[in-house]
Amino acid sequence: MFRPVALIFSLISAASAFAIIPLDTSSQLIISVRDQKLMLVQNGGKVATYPVSTSMFGLGDSWGRMTTPLGYLAIEKKIGDNVPVGAVFHNRRLTGEVLQPNAPGRDPVTTRIIWLRGLEAQNAHAFQRCIYIHGTPQEKTIGRPASYGCIRMKSSDIAELYDRVPPGALVQIIPDRLPKLTKPKVPRSETSNGVVAAAALPQNEMQDRDRLPKVAKAPRVLATNRVVAASALAAPPQHLTQPQAQTATQNQDQAGPTESAGTPTVEEMRMGGALAAERRKTKLALGKRL
């Protein structure tokens with residue numbers, strides 16, 4: 001049965017004291033002997049499932065037996081960073097060979113090595129027995145018990161898994177089927193009429209945006225019959241008008257009191273125009289009589 005991670009520490013408290021790499025409970029591998037599958041679990045959700053092969057000689061952890069141990073283990077070492085897919089290892093060292101899947105007549109360890117350490121009494125010899133999760137060129141046997149105690153995977157699968165799990169990640173090998181876990185939920189953006197809504201800005205960006213000074217809108221100029229009202233226009237700057245007033249006052253003081261020629265009003269201009277028109281009519285009438 002699959003046991004919650006919270007119960008692990010009560011089961012492995014004594015064995016974990018000898019572990020070199022600290023446990024990392026954010027990632028866990030669950031290997032089912034019955035299903036011949038490996039499940040990657042992260043943050044409580046299923047991330048991926050891969051086919052595997054456990055031992056053709058059965059289960060156990062006895063010395064001299066090529067069996068697969070059960071129970072809780074941990075990833076103690078990872079060997080093979082960035083080596084070519086299909087690269088051959090001998091005693092955990094690269095030989096320089098690279099084998100293609102299902103290469104005939106060869107059954108070495110390839111691509112990557114994930115070395116396991118037992119955390120319980122039933123798997124205490126796993127590290128010394130060199131129980132690995134590793135790649136194999138014999139990919140046609142993946143999916144049924146065919147190993148000599150290790151957990152075999154396809155080269156492409158072990159290369160992917162290797163990059164996804166950290167040292168110290170928990171590994172549980174169970175005789176039963178894999179537990180039914182759902183995939184972790186990914187937050188989705190809300191949509192409106194088929195348009196994806198923009199993601200909310202981080203809090204620090206929101207605060208920075210709030211600190212920006214707000215620009216005042218320019219005053220609107222009102223218009224009447226497409227003519228701009230004079231009251232809406234800004235008055236001329238004071239320094240442009242003040243000197244002219246002072247100059248006019250100084251001239252009046254120097255010349256003495258004089259009558260200022262006032263600017264005629266609109267009504268006076270109308271009366272003047274009317275008088276001029278009457279005078280012109282009178283001259284035309286006198287010219288016709290003569």
# chains A, B, ... in the order shown; residues from 1 in each chain; ligands from 1
>>> select_by_dssp(residues="segment 10-183 of chain A", states="helix (DSSP H, G or I)", output="PyMOL selection string")
chain A and resi 10-12+15-18+121-123+139-141+155-164
>>> residues_around(residues="Thr111 of chain A", least_positions_apart="6", cutoff="10 Å", atoms="only C-alpha atoms", output="short mmCIF file (atom, residue, chain, number, x, y, z; two decimals) with N, CA and C atoms, in the first residue's frame")
data_model
loop_
_atom_site.label_atom_id
_atom_site.label_comp_id
_atom_site.auth_asym_id
_atom_site.auth_seq_id
_atom_site.Cartn_x
_atom_site.Cartn_y
_atom_site.Cartn_z
N ILE A 79 24.76 9.82 -11.26
CA ILE A 79 25.97 9.71 -12.07
C ILE A 79 25.58 9.76 -13.54
N GLY A 80 26.26 10.64 -14.29
CA GLY A 80 26.04 10.69 -15.73
C GLY A 80 25.52 12.01 -16.25
N ASP A 81 25.82 13.12 -15.56
CA ASP A 81 25.36 14.43 -16.03
C ASP A 81 25.84 14.68 -17.47
N ASN A 82 24.89 14.97 -18.35
CA ASN A 82 25.17 15.43 -19.72
C ASN A 82 25.94 14.45 -20.58
N VAL A 83 25.96 13.17 -20.20
CA VAL A 83 26.62 12.19 -21.08
C VAL A 83 25.65 11.82 -22.21
N PRO A 84 26.15 11.32 -23.34
CA PRO A 84 25.26 10.97 -24.45
C PRO A 84 24.26 9.88 -24.06
N VAL A 85 23.08 9.95 -24.65
CA VAL A 85 22.09 8.90 -24.44
C VAL A 85 22.61 7.60 -25.06
N GLY A 86 22.63 6.55 -24.27
CA GLY A 86 23.16 5.27 -24.74
C GLY A 86 24.60 5.03 -24.35
N ALA A 87 25.23 6.00 -23.65
CA ALA A 87 26.63 5.82 -23.23
C ALA A 87 26.73 4.66 -22.23
N VAL A 88 27.77 3.87 -22.34
CA VAL A 88 27.93 2.64 -21.55
C VAL A 88 28.78 2.92 -20.31
N PHE A 89 28.30 2.41 -19.15
CA PHE A 89 29.05 2.48 -17.89
C PHE A 89 29.53 1.08 -17.51
N LEU A 94 32.47 5.67 -17.43
CA LEU A 94 32.17 5.61 -18.86
C LEU A 94 33.24 4.81 -19.59
N VAL A 98 28.81 3.97 -27.06
CA VAL A 98 27.44 4.47 -27.09
C VAL A 98 26.62 3.44 -27.87
N LEU A 99 25.62 2.86 -27.21
CA LEU A 99 24.80 1.82 -27.83
C LEU A 99 23.43 2.35 -28.20
N HIS A 134 18.53 2.74 -13.76
CA HIS A 134 19.49 3.04 -14.83
C HIS A 134 18.89 2.71 -16.19
N GLY A 135 19.58 3.17 -17.22
CA GLY A 135 19.16 2.87 -18.58
C GLY A 135 19.70 1.54 -19.05
N THR A 136 19.07 0.98 -20.08
CA THR A 136 19.49 -0.30 -20.65
C THR A 136 19.25 -0.26 -22.16
N PRO A 137 20.12 -0.92 -22.93
CA PRO A 137 19.83 -1.03 -24.37
C PRO A 137 18.76 -2.09 -24.67
N MET A 153 15.21 1.25 -17.12
CA MET A 153 14.34 2.15 -17.87
C MET A 153 14.90 2.32 -19.29
N LYS A 154 14.06 2.79 -20.18
CA LYS A 154 14.53 3.16 -21.51
C LYS A 154 15.50 4.34 -21.38
N SER A 155 16.47 4.41 -22.28
CA SER A 155 17.49 5.45 -22.19
C SER A 155 16.89 6.86 -22.24
N SER A 156 15.92 7.08 -23.12
CA SER A 156 15.31 8.41 -23.22
C SER A 156 14.53 8.75 -21.95
N ASP A 157 13.90 7.73 -21.32
CA ASP A 157 13.13 7.97 -20.10
C ASP A 157 14.02 8.26 -18.90
N ILE A 158 15.11 7.51 -18.76
CA ILE A 158 15.99 7.74 -17.61
C ILE A 158 16.69 9.09 -17.73
N ALA A 159 17.00 9.51 -18.97
CA ALA A 159 17.62 10.83 -19.16
C ALA A 159 16.66 11.94 -18.74
N TYR A 162 16.15 11.69 -14.79
CA TYR A 162 17.37 12.11 -14.10
C TYR A 162 17.37 13.62 -13.84
#
>>> closest_residue(among="A:Phe57, A:Tyr148, A:Trp115, A:Tyr132", to="Gly168 of chain A", atoms="only C-alpha atoms")
A:Trp115
>>> closest_residue(among="A:Lys140, A:Arg152, A:Arg164, A:Lys281", to="Val33 of chain A", atoms="only C-alpha atoms")
A:Arg152
>>> atom_distance(atom1="atom CA of Leu161 of chain A", atom2="atom CA of Arg106 of chain A")
23.3 Å
